[in-house]
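K.L.:
Below are the C-alpha cells for one structure; questions will follow.
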Number of protein chains: 2
Amino acid sequence: LGMIPNRSVFFISDGTGITAETMGNSLLAHFRNYHFHPVRLPFTDTPEKAHQALAHILATQAQEGVRAILVMTLVNSEIRKIFEDCGALCLDLFGTFVSPLALELGQEPAQAVGMARGVTSQEYRERVDAINFTLGHDDGLNDASLKEADIILVGVSRCGKTPTSVYLAMQFGIKAANYPLIPEDFDRMALPGTLALYRNKLFGLTIAPERLHSIRKERRPDSKYASLENCRYEVRLAEEMMHNEGIRWLDSSSRSIEEIATTVLQLSGIRKD
Amino acid sequence: LGMIPNRSVFFISDGTGITAETMGNSLLAHFRNYHFHPVRLPFTDTPEKAHQALAHILATQAQEGVRAILVMTLVNSEIRKIFEDCGALCLDLFGTFVSPLALELGQEPAQAVGMARGVTSQEYRERVDAINFTLGHDDGLNDASLKEADIILVGVSRCGKTPTSVYLAMQFGIKAANYPLIPEDFDRMALPGTLALYRNKLFGLTIAPERLHSIRKERRPDSKYASLENCRYEVRLAEEMMHNEGIRWLDSSSRSIEEIATTVLQLSGIRKD
C-alpha cells in the first residue's frame, strides 16, 4: 500500500462554521483514500480576521506543498474576495448559490453577518424547551410528562432511545419522551396503564440482539443483562409486545442517530412546520 | 404592505437530508421577504422514489405558478439527472462541488449512497458515549463523573448550560458535565471542593439578568427565584466568583446554542480531532 496523503481542509465562516463543516464533510466523504485534516476558522467576520486566517492558509499551503482546500460560508462578499485569489481551491457555498437564488426570487440578498436563527424566535424557544423536556424526562413516566410529549419512544434498554430523543429535540424541536421496556413489562406482556393512554404517540425501536449484546457488554461486562442469550430474549419479547399492541417500530441496528431520527419523523408524521 | 409570496423549497437527499436542509436554510436566510415552505424528501435513493418525488414537484410548480426550488444532496449522478430537466431551480450541492474536488484530488468520487458516518466507527461511538455521559451527568457532581468529563460548565440555573452541553456532545462528541452555581456557593463565595480539583476543565456561562428573569419567569412565575432582583443578585455574585476563581466565561444572552458551543470550543481549546 502507498502512503495515504494528508491534506488540510479549512472551514471558514463568519458564523459558527457548522454549515460549512456539515457540508464540507459530506463532500469529503466522496473521497476515501485521503486523510483530511480539518481546520476550523469560525467567526471570521472582519477583514482583519480574514487576513489572519489567510496568513494561516498560505503558511499551510507552503508547508504541505499542495493547494489548500477552503470550504466557505461567508455572507459578506468583500470578505469572500480576500480568500478567492490565494491560489487555494475555493468551495464558495454562499457565493455559488446565493446569486442564482437572488435572480430567481427577484430580491437582493442580505449582506449582514450573524444570520443564525434569532435566539428570541418562537422556533428557537421551542427547540430549547424540547431539549429541556427531553433531558427532564429521559426514562420518565409520569402522566404530565407523557401528556406534554410529542412522541414517546419505547424499546429495550440501550436500543438507541436516548440519543434519538435528544437529536429529535435538538434538531427538530420535538419533545420526545422515553420508555424502556423492562422484564416486568414482559412478565405482564402488556404496556403499563399510563402508557396505554397515549398509544397514538408511541413509536418503537428495536435492535439486532448481537448488536445489543455488544453495546451492553461494554457497560456491564459479564452481566446477565449483557449476555447474548438475555439480549435475544428481551428483543424477541419486545418485538412481540409491540406487534401485539399495534406499535409501529424501526430497527436501529445499522442506522446512525440522524438516520433513526429522520426515519421516525417520516414514519410517524409528527414533524412540526 | 404587499403580499409576502409563498414558495415551496424541496430538500432532496438520498440520505437523511440534514445536510441539504442545513445548507438550504443558510441560503434562504439571505432572503427575508419570503415565506418558504419546506418539503423534505429524504431517502430518495432509487430511480422509482426519484420519479415519485418529481411528480410531487411538478404538481407543486403547476399549482404555485412559479419554478420550484430544489436543494439537492444526491450522491448518484443518475438520480440527480432525473431532477435536472424539470424546469425547477436546481441547487445541486454535490454535483457542483464534487467535480472540482475530484480534479484537485486526482481521484474518482464514490458513487455509493449511504455515506453517513458509519455507526461502528470510533468517532460515532464517541459521540454516543458523550451523549449518554452528558445526559447522565446533567447537574451531577460526583467525583468519577467530573474526572471523566472533557469540560465542566458552571453558571447560574437557566443560563444555558444544559442545551450547550447536549450540543457539545451531539455535534462534537465532547463529554460535558454541568455544575449549577447556587445560593449556598455564594454564601461561601468559593467553589465546592470537588469542583476545585478540576479547575482546568471549568468553563463559565453568564447571562444578562433581564434575559435570565424572562426565562425563569416562564417556568416559575411570581417566584423569588425568577424575580429580576434575585436574577441580578445571582448573576453579580456568579460573575464575581468566576472572576475570583480565574474561570474563563462567556455571556450567553444573545447567542444561539450553536454559537455558545462553538465559542466555548474555540476559547477552551478542547476540541478533539
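Letters A, B, ... go to the chains of the C-alpha cells in the order shown; residues in each chain start at 1; ligands are counted from 1 in the same order.
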Set the cut-off to 7 Å and count only C-alpha atoms: what are the residues of chain B that reach chain A? Output as an MDAnalysis selection string.
P.N.:
chainID B and resid 16 19 22:23 27 29:31 91 94 97:98 109:110 115 119 128 131 135 163 254:256 258:259 262
K.L.:
Per DSSP on the backbone, filter stretch 81-188 of chain B down to the residues in strand (DSSP E or B) and report them as an MDAnalysis selection string.
P.N.:
chainID B and resid 89:92 151:156 176:181
K.L.:
With all heavy atoms retained, export the selected residues as an mmCIF file, in the first residue's frame.
P.N.:
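The resulting file, out_17.cif, is shown below:
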data_model
loop_
_atom_site.group_PDB
_atom_site.id
_atom_site.type_symbol
_atom_site.label_atom_id
_atom_site.label_comp_id
_atom_site.auth_asym_id
_atom_site.auth_seq_id
_atom_site.Cartn_x
_atom_site.Cartn_y
_atom_site.Cartn_z
ATOM 1 N N LEU B 89 -35.538 25.431 -10.249
ATOM 2 C CA LEU B 89 -34.201 25.945 -9.948
ATOM 3 C C LEU B 89 -33.494 24.894 -9.105
ATOM 4 O O LEU B 89 -33.887 24.610 -7.975
ATOM 5 C CB LEU B 89 -34.280 27.260 -9.165
ATOM 6 C CG LEU B 89 -32.923 27.824 -8.708
ATOM 7 C CD1 LEU B 89 -32.079 28.252 -9.894
ATOM 8 C CD2 LEU B 89 -33.100 28.972 -7.731
ATOM 9 N N CYS B 90 -32.443 24.283 -9.675
ATOM 10 C CA CYS B 90 -31.734 23.178 -9.028
ATOM 11 C C CYS B 90 -30.479 23.665 -8.330
ATOM 12 O O CYS B 90 -29.526 24.046 -9.005
ATOM 13 C CB CYS B 90 -31.295 22.180 -10.098
ATOM 14 S SG CYS B 90 -32.296 20.736 -10.193
ATOM 15 N N LEU B 91 -30.453 23.656 -7.014
ATOM 16 C CA LEU B 91 -29.202 23.937 -6.314
ATOM 17 C C LEU B 91 -28.590 22.581 -5.982
ATOM 18 O O LEU B 91 -28.986 21.907 -5.029
ATOM 19 C CB LEU B 91 -29.464 24.781 -5.069
ATOM 20 C CG LEU B 91 -30.243 26.087 -5.322
ATOM 21 C CD1 LEU B 91 -30.412 26.876 -4.026
ATOM 22 C CD2 LEU B 91 -29.583 26.946 -6.388
ATOM 23 N N ASP B 92 -27.639 22.179 -6.817
ATOM 24 C CA ASP B 92 -27.099 20.821 -6.780
ATOM 25 C C ASP B 92 -25.809 20.822 -5.959
ATOM 26 O O ASP B 92 -24.720 21.026 -6.474
ATOM 27 C CB ASP B 92 -26.844 20.380 -8.225
ATOM 28 C CG ASP B 92 -26.253 18.977 -8.307
ATOM 29 O OD1 ASP B 92 -26.041 18.347 -7.248
ATOM 30 O OD2 ASP B 92 -26.004 18.524 -9.441
ATOM 31 N N ILE B 151 -15.151 18.697 29.771
ATOM 32 C CA ILE B 151 -15.337 20.090 30.173
ATOM 33 C C ILE B 151 -16.462 20.130 31.198
ATOM 34 O O ILE B 151 -17.361 19.274 31.182
ATOM 35 C CB ILE B 151 -15.666 20.973 28.936
ATOM 36 C CG1 ILE B 151 -15.555 22.463 29.276
ATOM 37 C CG2 ILE B 151 -17.046 20.655 28.353
ATOM 38 C CD1 ILE B 151 -15.549 23.356 28.035
ATOM 39 N N ILE B 152 -16.407 21.092 32.101
ATOM 40 C CA ILE B 152 -17.455 21.247 33.116
ATOM 41 C C ILE B 152 -17.977 22.685 33.028
ATOM 42 O O ILE B 152 -17.223 23.629 33.268
ATOM 43 C CB ILE B 152 -16.910 20.973 34.538
ATOM 44 C CG1 ILE B 152 -16.280 19.576 34.615
ATOM 45 C CG2 ILE B 152 -18.023 21.125 35.588
ATOM 46 C CD1 ILE B 152 -15.368 19.361 35.824
ATOM 47 N N LEU B 153 -19.242 22.796 32.639
ATOM 48 C CA LEU B 153 -19.833 24.136 32.508
ATOM 49 C C LEU B 153 -20.412 24.578 33.847
ATOM 50 O O LEU B 153 -21.140 23.816 34.490
ATOM 51 C CB LEU B 153 -20.944 24.129 31.457
ATOM 52 C CG LEU B 153 -20.529 23.749 30.026
ATOM 53 C CD1 LEU B 153 -21.749 23.729 29.107
ATOM 54 C CD2 LEU B 153 -19.475 24.708 29.483
ATOM 55 N N VAL B 154 -20.068 25.786 34.270
ATOM 56 C CA VAL B 154 -20.631 26.323 35.514
ATOM 57 C C VAL B 154 -21.385 27.616 35.219
ATOM 58 O O VAL B 154 -21.070 28.329 34.258
ATOM 59 C CB VAL B 154 -19.539 26.588 36.590
ATOM 60 C CG1 VAL B 154 -18.830 25.308 36.981
ATOM 61 C CG2 VAL B 154 -18.521 27.621 36.104
ATOM 62 N N GLY B 155 -22.374 27.906 36.058
ATOM 63 C CA GLY B 155 -23.150 29.138 35.896
ATOM 64 C C GLY B 155 -24.456 29.014 36.647
ATOM 65 O O GLY B 155 -24.813 27.925 37.100
ATOM 66 N N VAL B 156 -25.182 30.119 36.759
ATOM 67 C CA VAL B 156 -26.450 30.090 37.497
ATOM 68 C C VAL B 156 -27.469 29.235 36.753
ATOM 69 O O VAL B 156 -27.340 28.995 35.549
ATOM 70 C CB VAL B 156 -27.018 31.517 37.700
ATOM 71 C CG1 VAL B 156 -26.055 32.378 38.506
ATOM 72 C CG2 VAL B 156 -27.352 32.176 36.365
ATOM 73 N N ALA B 176 -19.552 16.744 28.291
ATOM 74 C CA ALA B 176 -19.720 17.982 29.036
ATOM 75 C C ALA B 176 -20.566 17.737 30.273
ATOM 76 O O ALA B 176 -21.687 17.267 30.173
ATOM 77 C CB ALA B 176 -20.369 19.042 28.150
ATOM 78 N N ALA B 177 -20.005 18.039 31.442
ATOM 79 C CA ALA B 177 -20.776 17.977 32.685
ATOM 80 C C ALA B 177 -21.201 19.400 33.048
ATOM 81 O O ALA B 177 -20.653 20.373 32.540
ATOM 82 C CB ALA B 177 -19.937 17.365 33.801
ATOM 83 N N ASN B 178 -22.188 19.494 33.912
ATOM 84 C CA ASN B 178 -22.742 20.779 34.341
ATOM 85 C C ASN B 178 -22.603 20.947 35.821
ATOM 86 O O ASN B 178 -22.849 19.997 36.566
ATOM 87 C CB ASN B 178 -24.265 20.765 34.124
ATOM 88 C CG ASN B 178 -24.596 21.080 32.721
ATOM 89 O OD1 ASN B 178 -23.750 21.526 31.979
ATOM 90 N ND2 ASN B 178 -25.843 20.833 32.369
ATOM 91 N N TYR B 179 -22.319 22.139 36.273
ATOM 92 C CA TYR B 179 -22.489 22.415 37.687
ATOM 93 C C TYR B 179 -23.207 23.745 37.861
ATOM 94 O O TYR B 179 -22.680 24.798 37.507
ATOM 95 C CB TYR B 179 -21.154 22.423 38.436
ATOM 96 C CG TYR B 179 -21.376 22.781 39.875
ATOM 97 C CD1 TYR B 179 -21.942 21.874 40.750
ATOM 98 C CD2 TYR B 179 -21.095 24.066 40.341
ATOM 99 C CE1 TYR B 179 -22.213 22.217 42.059
ATOM 100 C CE2 TYR B 179 -21.366 24.413 41.657
ATOM 101 C CZ TYR B 179 -21.930 23.481 42.511
ATOM 102 O OH TYR B 179 -22.207 23.836 43.801
ATOM 103 N N PRO B 180 -24.424 23.729 38.416
ATOM 104 C CA PRO B 180 -25.143 24.984 38.626
ATOM 105 C C PRO B 180 -24.619 25.698 39.870
ATOM 106 O O PRO B 180 -24.483 25.082 40.928
ATOM 107 C CB PRO B 180 -26.588 24.531 38.833
ATOM 108 C CG PRO B 180 -26.507 23.126 39.319
ATOM 109 C CD PRO B 180 -25.196 22.549 38.853
ATOM 110 N N LEU B 181 -24.306 26.971 39.736
ATOM 111 C CA LEU B 181 -23.930 27.766 40.908
ATOM 112 C C LEU B 181 -25.211 28.144 41.654
ATOM 113 O O LEU B 181 -26.140 28.688 41.065
ATOM 114 C CB LEU B 181 -23.180 29.030 40.478
ATOM 115 C CG LEU B 181 -21.833 28.785 39.775
ATOM 116 C CD1 LEU B 181 -21.238 30.107 39.301
ATOM 117 C CD2 LEU B 181 -20.861 28.050 40.684
#
K.L.:
Using DSSP on the backbone, list every residue of stretch 82-266 of chain B that comes out as helix (DSSP H, G or I), and give them as a ChimeraX atom specification.
P.N.:
/B:82-84,93-105,122-136,143-148,161-172,183-188,193-196,199-201,209-219,228-245,257-266
K.L.:
Which residues are close to stretch 236-244 of chain A, i.e. within 8 Å by only C-alpha atoms, leaving aside same-chain residues fewer than 3 positions away? Reply as number ranges by chain.
P.N.:
A: 155-156, 181, 186, 189-190, 204, 206, 232-233, 247-249
K.L.:
Extract, using only C-alpha atoms, all DNA, RNA and protein residues at most 12 Å from stretch 54-56 of chain B, discarding same-chain residues fewer than 6 positions from it, and format them as a PyMOL selection string.
P.N.:
chain B and resi 8-10+12+39-41+44+47-48+62-63+68+70+79-88
K.L.:
Please produce a file of those selected residues containing N, CA, C and O atoms, as a CSV table (one decimal), in the first residue's frame.
P.N.:
chain,number,residue,atom,x,y,z
B,8,SER,N,-42.5,27.0,-2.3
B,8,SER,CA,-42.1,25.7,-1.8
B,8,SER,C,-40.6,25.5,-2.1
B,8,SER,O,-40.1,25.8,-3.2
B,9,VAL,N,-39.9,24.9,-1.2
B,9,VAL,CA,-38.5,24.6,-1.3
B,9,VAL,C,-38.4,23.1,-1.0
B,9,VAL,O,-38.8,22.7,0.1
B,10,PHE,N,-37.8,22.3,-1.9
B,10,PHE,CA,-37.7,20.9,-1.7
B,10,PHE,C,-36.2,20.5,-1.3
B,10,PHE,O,-35.3,20.9,-2.0
B,12,ILE,N,-34.0,17.5,-1.1
B,12,ILE,CA,-33.9,16.2,-1.7
B,12,ILE,C,-32.6,15.5,-1.4
B,12,ILE,O,-31.5,16.1,-1.7
B,39,VAL,N,-40.3,21.3,2.0
B,39,VAL,CA,-40.8,20.0,1.7
B,39,VAL,C,-39.6,19.1,1.7
B,39,VAL,O,-38.6,19.2,1.0
B,40,ARG,N,-39.6,18.1,2.6
B,40,ARG,CA,-38.4,17.2,2.8
B,40,ARG,C,-38.6,15.9,2.1
B,40,ARG,O,-39.7,15.2,2.3
B,41,LEU,N,-37.7,15.5,1.3
B,41,LEU,CA,-37.7,14.3,0.6
B,41,LEU,C,-36.5,13.5,0.8
B,41,LEU,O,-35.6,13.3,0.0
B,44,THR,N,-34.3,9.5,-0.8
B,44,THR,CA,-34.6,9.4,-2.3
B,44,THR,C,-33.5,8.7,-3.0
B,44,THR,O,-32.6,9.3,-3.6
B,47,PRO,N,-34.3,5.3,-8.5
B,47,PRO,CA,-35.0,6.0,-9.6
B,47,PRO,C,-36.5,6.0,-9.4
B,47,PRO,O,-37.1,7.1,-9.6
B,48,GLU,N,-37.1,5.0,-8.8
B,48,GLU,CA,-38.5,5.0,-8.6
B,48,GLU,C,-38.9,6.1,-7.6
B,48,GLU,O,-39.8,6.8,-7.8
B,62,ALA,N,-47.0,23.5,-10.9
B,62,ALA,CA,-48.2,23.9,-11.6
B,62,ALA,C,-49.1,24.7,-10.7
B,62,ALA,O,-49.7,25.7,-11.1
B,63,GLN,N,-49.2,24.3,-9.5
B,63,GLN,CA,-50.1,24.9,-8.5
B,63,GLN,C,-49.7,26.3,-8.1
B,63,GLN,O,-50.5,27.2,-8.0
B,68,ALA,N,-40.2,25.6,-8.9
B,68,ALA,CA,-39.9,25.1,-7.6
B,68,ALA,C,-38.4,25.4,-7.3
B,68,ALA,O,-37.6,25.5,-8.3
B,70,LEU,N,-35.1,23.5,-5.7
B,70,LEU,CA,-34.7,22.3,-5.2
B,70,LEU,C,-33.3,22.4,-4.6
B,70,LEU,O,-32.4,23.0,-5.2
B,79,ILE,N,-29.5,9.7,-10.5
B,79,ILE,CA,-30.7,10.2,-9.8
B,79,ILE,C,-30.7,11.7,-9.8
B,79,ILE,O,-31.8,12.3,-10.0
B,80,ARG,N,-29.6,12.3,-9.8
B,80,ARG,CA,-29.5,13.8,-10.0
B,80,ARG,C,-30.2,14.2,-11.3
B,80,ARG,O,-30.9,15.2,-11.4
B,81,LYS,N,-29.8,13.5,-12.3
B,81,LYS,CA,-30.3,13.8,-13.7
B,81,LYS,C,-31.8,13.9,-13.8
B,81,LYS,O,-32.4,14.6,-14.5
B,82,ILE,N,-32.4,13.0,-13.0
B,82,ILE,CA,-33.9,12.9,-13.1
B,82,ILE,C,-34.5,14.3,-12.7
B,82,ILE,O,-35.6,14.7,-13.2
B,83,PHE,N,-33.8,15.0,-11.8
B,83,PHE,CA,-34.4,16.3,-11.4
B,83,PHE,C,-33.9,17.5,-12.2
B,83,PHE,O,-34.5,18.6,-12.2
B,84,GLU,N,-32.8,17.3,-13.0
B,84,GLU,CA,-32.2,18.4,-13.6
B,84,GLU,C,-33.0,19.1,-14.7
B,84,GLU,O,-32.9,20.3,-14.9
B,85,ASP,N,-33.8,18.3,-15.3
B,85,ASP,CA,-34.5,18.9,-16.5
B,85,ASP,C,-36.0,19.2,-16.3
B,85,ASP,O,-36.8,19.3,-17.2
B,86,CYS,N,-36.4,19.3,-15.0
B,86,CYS,CA,-37.8,19.5,-14.7
B,86,CYS,C,-38.2,21.0,-14.7
B,86,CYS,O,-39.4,21.3,-14.4
B,87,GLY,N,-37.3,21.9,-15.0
B,87,GLY,CA,-37.7,23.3,-15.1
B,87,GLY,C,-37.5,24.0,-13.7
B,87,GLY,O,-37.6,25.2,-13.7
B,88,ALA,N,-37.3,23.3,-12.6
B,88,ALA,CA,-37.1,23.9,-11.3
B,88,ALA,C,-35.7,24.5,-11.2
B,88,ALA,O,-34.8,24.3,-12.0
K.L.:
Just give me the gap between atom CA of A:Lys217 and atom CA of A:Leu195 in Å, one decimal is fine.
P.N.:
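For atom CA of A:Lys217 relative to atom CA of A:Leu195, the distance reads 29.2 Å.
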K.L.:
What does the distance between atom CA of A:Leu74 and atom CA of A:Gln52 come to in Å, to one decimal place?
P.N.:
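It comes out at 15.4 Å.
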